[in-house]
Amino acid sequence: MQVNKIPVMDIAKSAEITDKINLLGMSKDELAAFFVSIGEKPFRATQVMKWIYQFGVTDFFEMSNISKKLQQRLHELACVLPPVVRYKEFSQDGTRKWVFEVAGGSLVETVLIPAEDNKQFGRKTLCISSQVGCALDCSFCSTGKQGFERDLTLSEIIGQLWVANQSYMDDVPATKRQNLVTNVVMMGMGEPLLNYEPVVAAMSLMLDDHAFGLSKRRVTLSTSGIVPKMYDLAKDIDVALAISLHAPNDTLRDELVPINKKYPLNELIKAAKAYIYDENPRHKKHVTIEYVMLAGVNDSDEHAHQLAALLKDLPSKINLIPFNPFAHAPYQRSSNNRIHAFSNILNQAGFVCTIRQTRGDDIDAACGQLVGQVADRTRRAKKWQESIEKRQQAMLLDGADIAK
Ligand code: SF4
């Protein structure tokens, strides 16, 4: 992939305004309360939301349906402050990646992948992070190896979508701007259901007609299976659900996705069914099953048959993800032939099964495949580094034995 690297830093400007109230990430009710608190009518909230989210405007003086007096007042009291972009990469094939520096100096990544035809108004899917690092330590996952640092705030989560949309608005007059990101997946760094309230609030803004106005089928939350929170989610919001499954039996899933020891497959599948069939009449027709293809680990014909049996009563689409190796990863990507053979078995069992295209191998967008840009500050990161050094030393010793 050809990449234009664009270093970006605007921390000085951000620092100037951090003592003001950040309106980015406030719900409609919170914004209405803010306007009431400064002696204004609550409907100002929807006016300002449209400027912030639909036109990407941060300068109150550009909000032309607001009086000059209120513009000045907002300028003094408030700001619209997205997370700081440390750098961004825009590829020729339309893929875009941002590295954000969030409060405390940690870095998180966001990736946008357009449909293959890369049309200006075509599908563009943004993969959003919900945490700095991740506590769940899935064995195939780069993010998991870095340990968990902290949850992202609502404005840091929604700010990723705001910045991605903004990147299509540069050089367009404020009133002519429009959002071009069509789909969002909460599938970047972190387990979104372990940062529940901010994630649900951010998705509410994504769906809100006064904010991003995305359709509920175009906002997807991907979970590794935090079962109790899946039941909460079914009640709280209507979005598409994806499950990072990656293994068709408990023994293997315990190893690949250790949270499975706490919430095993029978509980996970039951919660997924409840998500589809719950009493909420608005709800969804299927879940998406994410399955990373690891050579010789979870990709045999037998595994495919087990997967078909496991999912037989769960309306589901299966997305096979060729593994994107990262430095010192203990796995390799399954061959294309193996992935197709696996997919054929699932198709024959009646499932819709897709194989994720790897658009630009250096842009890694699956759950847990965002490459480590988090400032490693955890003991797990240290342990992972030590295990790599041990393995390297063992290899050196093996080499010495062979030389003898
Ligand atoms: S795969 Fe997802 S849930 Fe698992 S460690 Fe990585 S980021 Fe966390």
# chains A, B, ... in the order shown; residues from 1 in each chain; ligands from 1

$ closest_atom_pairs --of "chain A" --to "ligand 1" --cutoff "8 Å" --atoms "only C-alpha atoms and all ligand atoms" --output "JSON lines"
{"residue": "A:Gly133", "atom": "CA", "partner": "ligand 1", "partner_atom_place_in_ligand_line": "7 (S)", "distance": 7.1}
{"residue": "A:Cys134", "atom": "CA", "partner": "ligand 1", "partner_atom_place_in_ligand_line": "8 (Fe)", "distance": 4.6}
{"residue": "A:Ala135", "atom": "CA", "partner": "ligand 1", "partner_atom_place_in_ligand_line": "8 (Fe)", "distance": 6.3}
{"residue": "A:Leu136", "atom": "CA", "partner": "ligand 1", "partner_atom_place_in_ligand_line": "5 (S)", "distance": 4.4}
{"residue": "A:Asp137", "atom": "CA", "partner": "ligand 1", "partner_atom_place_in_ligand_line": "5 (S)", "distance": 4.1}
{"residue": "A:Cys138", "atom": "CA", "partner": "ligand 1", "partner_atom_place_in_ligand_line": "5 (S)", "distance": 4.2}
{"residue": "A:Ser139", "atom": "CA", "partner": "ligand 1", "partner_atom_place_in_ligand_line": "5 (S)", "distance": 7.4}
{"residue": "A:Phe140", "atom": "CA", "partner": "ligand 1", "partner_atom_place_in_ligand_line": "1 (S)", "distance": 7.2}
{"residue": "A:Cys141", "atom": "CA", "partner": "ligand 1", "partner_atom_place_in_ligand_line": "6 (Fe)", "distance": 4.6}
{"residue": "A:Ser142", "atom": "CA", "partner": "ligand 1", "partner_atom_place_in_ligand_line": "6 (Fe)", "distance": 6.6}
{"residue": "A:Thr143", "atom": "CA", "partner": "ligand 1", "partner_atom_place_in_ligand_line": "6 (Fe)", "distance": 5.1}
{"residue": "A:Gly144", "atom": "CA", "partner": "ligand 1", "partner_atom_place_in_ligand_line": "5 (S)", "distance": 3.7}
{"residue": "A:Lys145", "atom": "CA", "partner": "ligand 1", "partner_atom_place_in_ligand_line": "5 (S)", "distance": 7.3}
{"residue": "A:Met187", "atom": "CA", "partner": "ligand 1", "partner_atom_place_in_ligand_line": "2 (Fe)", "distance": 7.2}
{"residue": "A:Gly188", "atom": "CA", "partner": "ligand 1", "partner_atom_place_in_ligand_line": "7 (S)", "distance": 6.7}
{"residue": "A:Met189", "atom": "CA", "partner": "ligand 1", "partner_atom_place_in_ligand_line": "7 (S)", "distance": 4.8}
{"residue": "A:Gly190", "atom": "CA", "partner": "ligand 1", "partner_atom_place_in_ligand_line": "7 (S)", "distance": 4.2}
{"residue": "A:Glu191", "atom": "CA", "partner": "ligand 1", "partner_atom_place_in_ligand_line": "3 (S)", "distance": 4.7}
{"residue": "A:Thr223", "atom": "CA", "partner": "ligand 1", "partner_atom_place_in_ligand_line": "3 (S)", "distance": 6.8}
{"residue": "A:Ser224", "atom": "CA", "partner": "ligand 1", "partner_atom_place_in_ligand_line": "3 (S)", "distance": 5.2}
{"residue": "A:Ser244", "atom": "CA", "partner": "ligand 1", "partner_atom_place_in_ligand_line": "1 (S)", "distance": 7.3}
{"residue": "A:Val257", "atom": "CA", "partner": "ligand 1", "partner_atom_place_in_ligand_line": "4 (Fe)", "distance": 6.3}
{"residue": "A:Cys367", "atom": "CA", "partner": "ligand 1", "partner_atom_place_in_ligand_line": "2 (Fe)", "distance": 4.7}
{"residue": "A:Gly368", "atom": "CA", "partner": "ligand 1", "partner_atom_place_in_ligand_line": "6 (Fe)", "distance": 3.4}
{"residue": "A:Gln369", "atom": "CA", "partner": "ligand 1", "partner_atom_place_in_ligand_line": "6 (Fe)", "distance": 7.0}

$ write_last_selection --atoms "C-alpha atoms" --output "mmCIF file, in the first residue's frame"
data_model
loop_
_atom_site.group_PDB
_atom_site.id
_atom_site.type_symbol
_atom_site.label_atom_id
_atom_site.label_comp_id
_atom_site.auth_asym_id
_atom_site.auth_seq_id
_atom_site.Cartn_x
_atom_site.Cartn_y
_atom_site.Cartn_z
ATOM 1 C CA GLY A 133 -4.923 -1.401 25.398
ATOM 2 C CA CYS A 134 -7.103 -4.299 26.528
ATOM 3 C CA ALA A 135 -7.327 -6.450 29.645
ATOM 4 C CA LEU A 136 -8.514 -9.626 27.925
ATOM 5 C CA ASP A 137 -5.237 -10.932 26.503
ATOM 6 C CA CYS A 138 -6.503 -12.914 23.527
ATOM 7 C CA SER A 139 -3.512 -14.931 22.425
ATOM 8 C CA PHE A 140 -3.562 -13.828 18.743
ATOM 9 C CA CYS A 141 -3.972 -10.145 19.553
ATOM 10 C CA SER A 142 -1.420 -7.373 19.379
ATOM 11 C CA THR A 143 -3.490 -5.007 21.526
ATOM 12 C CA GLY A 144 -3.946 -7.688 24.186
ATOM 13 C CA LYS A 145 -0.187 -8.056 24.510
ATOM 14 C CA MET A 187 -13.869 -3.238 16.911
ATOM 15 C CA GLY A 188 -10.620 -1.383 17.432
ATOM 16 C CA MET A 189 -8.473 -1.496 20.554
ATOM 17 C CA GLY A 190 -10.225 -2.712 23.664
ATOM 18 C CA GLU A 191 -13.343 -4.647 24.618
ATOM 19 C CA THR A 223 -17.501 -8.220 21.622
ATOM 20 C CA SER A 224 -15.355 -11.121 22.695
ATOM 21 C CA SER A 244 -15.228 -12.329 18.143
ATOM 22 C CA VAL A 257 -9.937 -15.944 24.007
ATOM 23 C CA CYS A 367 -10.582 -6.789 16.635
ATOM 24 C CA GLY A 368 -7.246 -7.005 18.325
ATOM 25 C CA GLN A 369 -5.263 -6.485 15.175
#

$ residues_around --residues "segment 266-275 of chain A" --least-positions-apart "6" --cutoff "7 Å" --atoms "only C-alpha atoms" --output "ChimeraX atom specification"
/A:225,227,230-231,234,314

$ write_last_selection --atoms "C-alpha atoms" --output "short mmCIF file (atom, residue, chain, number, x, y, z; two decimals), in the first residue's frame"
data_model
loop_
_atom_site.label_atom_id
_atom_site.label_comp_id
_atom_site.auth_asym_id
_atom_site.auth_seq_id
_atom_site.Cartn_x
_atom_site.Cartn_y
_atom_site.Cartn_z
CA GLY A 225 -18.30 -12.22 24.84
CA VAL A 227 -22.19 -12.11 28.52
CA MET A 230 -24.77 -8.42 26.08
CA TYR A 231 -28.12 -8.71 27.87
CA ALA A 234 -30.09 -5.68 24.01
CA LEU A 314 -28.16 -18.92 15.85
#

$ residues_around --residues "Ala295 of chain A" --least-positions-apart "6" --cutoff "6 Å" --atoms "only C-alpha atoms" --output "PyMOL selection string"
chain A and resi 332-334

$ write_last_selection --atoms "C-alpha atoms" --output "tab-separated table (two decimals), in the first residue's frame"
chain	number	residue	atom	x	y	z
A	332	GLN	CA	0.66	-17.71	11.17
A	333	ARG	CA	-2.05	-16.86	8.68
A	334	SER	CA	-3.92	-19.85	7.18

$ residues_around --residues "Leu245 of chain A" --least-positions-apart "4" --cutoff "7 Å" --atoms "only C-alpha atoms" --output "list in words"
Ser224, Ile289, Glu290 and Tyr291 of chain A

$ atom_distance --atom1 "atom CA of Phe34 of chain A" --atom2 "atom CA of Asp208 of chain A"
18.4 Å

$ closest_residue --among "A:Pro173, A:Ala78, A:Leu194, A:Asn298" --to "Val132 of chain A" --atoms "only C-alpha atoms"
A:Leu194

$ select_by_dssp --residues "segment 228-319 of chain A" --states "strand (DSSP E)" --output "list in words"
Ala240, Leu241, Ala242, Ile243, Ser244, Val287, Thr288, Ile289, Glu290, Tyr291, Val292, Met293, Ser316, Lys317, Ile318 and Asn319 of chain A

$ select_by_dssp --residues "segment 168-368 of chain A" --states "alpha helix (DSSP H)" --output "JSON, numbers by chain"
{"A": [196, 197, 198, 199, 200, 201, 202, 203, 204, 205, 206, 207, 227, 228, 229, 230, 231, 232, 233, 234, 235, 236, 250, 251, 252, 253, 254, 255, 256, 265, 266, 267, 268, 269, 270, 271, 272, 273, 274, 275, 276, 277, 301, 302, 303, 304, 305, 306, 307, 308, 309, 310, 336, 337, 338, 339, 340, 341, 342, 343, 344, 345, 346, 347, 348]}

$ write_last_selection --atoms "C-alpha atoms" --output "CSV table (one decimal), in the first residue's frame"
chain,number,residue,atom,x,y,z
A,196,TYR,CA,-20.1,0.2,28.7
A,197,GLU,CA,-21.6,3.6,29.4
A,198,PRO,CA,-19.3,5.7,27.2
A,199,VAL,CA,-19.6,3.2,24.4
A,200,VAL,CA,-23.4,3.1,24.5
A,201,ALA,CA,-23.5,6.9,24.8
A,202,ALA,CA,-21.2,7.3,21.8
A,203,MET,CA,-23.3,4.9,19.7
A,204,SER,CA,-26.4,6.9,20.7
A,205,LEU,CA,-24.8,9.9,19.2
A,206,MET,CA,-23.9,7.9,16.0
A,207,LEU,CA,-27.6,7.0,15.6
A,227,VAL,CA,-22.2,-12.1,28.5
A,228,PRO,CA,-24.0,-10.0,31.2
A,229,LYS,CA,-23.4,-6.8,29.2
A,230,MET,CA,-24.8,-8.4,26.1
A,231,TYR,CA,-28.1,-8.7,27.9
A,232,ASP,CA,-27.8,-5.1,29.0
A,233,LEU,CA,-27.0,-4.0,25.4
A,234,ALA,CA,-30.1,-5.7,24.0
A,235,LYS,CA,-32.2,-3.5,26.3
A,236,ASP,CA,-30.3,-0.3,26.0
A,250,ASP,CA,-14.4,-24.4,24.7
A,251,THR,CA,-11.0,-26.0,25.0
A,252,LEU,CA,-9.6,-24.1,22.1
A,253,ARG,CA,-11.5,-20.9,22.9
A,254,ASP,CA,-10.2,-21.0,26.5
A,255,GLU,CA,-6.7,-20.7,24.9
A,256,LEU,CA,-7.4,-18.1,22.2
A,265,LEU,CA,-19.7,-20.9,24.6
A,266,ASN,CA,-23.0,-22.2,25.8
A,267,GLU,CA,-23.6,-19.0,27.8
A,268,LEU,CA,-22.3,-16.8,24.9
A,269,ILE,CA,-24.5,-18.4,22.3
A,270,LYS,CA,-27.5,-18.2,24.6
A,271,ALA,CA,-26.8,-14.4,25.1
A,272,ALA,CA,-26.4,-14.0,21.3
A,273,LYS,CA,-29.8,-15.7,20.8
A,274,ALA,CA,-31.3,-13.4,23.4
A,275,TYR,CA,-29.9,-10.4,21.6
A,276,ILE,CA,-31.7,-11.5,18.4
A,277,TYR,CA,-34.9,-12.9,19.8
A,301,ASP,CA,-12.3,-29.2,8.3
A,302,GLU,CA,-13.2,-30.6,11.7
A,303,HIS,CA,-13.2,-27.1,13.2
A,304,ALA,CA,-15.5,-25.9,10.4
A,305,HIS,CA,-17.9,-28.7,11.0
A,306,GLN,CA,-17.8,-27.9,14.8
A,307,LEU,CA,-18.5,-24.3,14.1
A,308,ALA,CA,-21.5,-25.1,11.8
A,309,ALA,CA,-22.9,-27.3,14.6
A,310,LEU,CA,-22.3,-24.7,17.3
A,336,ASN,CA,-5.8,-19.1,1.0
A,337,ASN,CA,-6.7,-22.6,0.0
A,338,ARG,CA,-7.4,-23.6,3.6
A,339,ILE,CA,-9.5,-20.5,4.2
A,340,HIS,CA,-11.6,-21.3,1.1
A,341,ALA,CA,-12.0,-25.0,2.1
A,342,PHE,CA,-13.2,-23.8,5.6
A,343,SER,CA,-15.5,-21.3,4.0
A,344,ASN,CA,-17.0,-24.0,1.6
A,345,ILE,CA,-17.9,-26.3,4.5
A,346,LEU,CA,-19.8,-23.4,6.2
A,347,ASN,CA,-21.5,-22.4,2.9
A,348,GLN,CA,-22.6,-26.0,2.4

$ closest_residue --among "A:Gly147, A:Gly105, A:Gly159, A:Gly56" --to "Pro83 of chain A" --atoms "only C-alpha atoms"
A:Gly159

$ residues_around --residues "segment 38-50 of chain A" --least-positions-apart "5" --cutoff "6 Å" --atoms "only C-alpha atoms" --output "PyMOL selection string"
chain A and resi 31-32+210-211

$ atom_distance --atom1 "atom CA of Ala103 of chain A" --atom2 "atom CA of Trp162 of chain A"
17.3 Å

$ atom_distance --atom1 "atom CA of Gln166 of chain A" --atom2 "atom CA of Ser67 of chain A"
24.7 Å

$ closest_residue --among "A:Gly122, A:Gln178, A:Ile52, A:Ile157" --to "Phe100 of chain A" --atoms "only C-alpha atoms"
A:Ile157
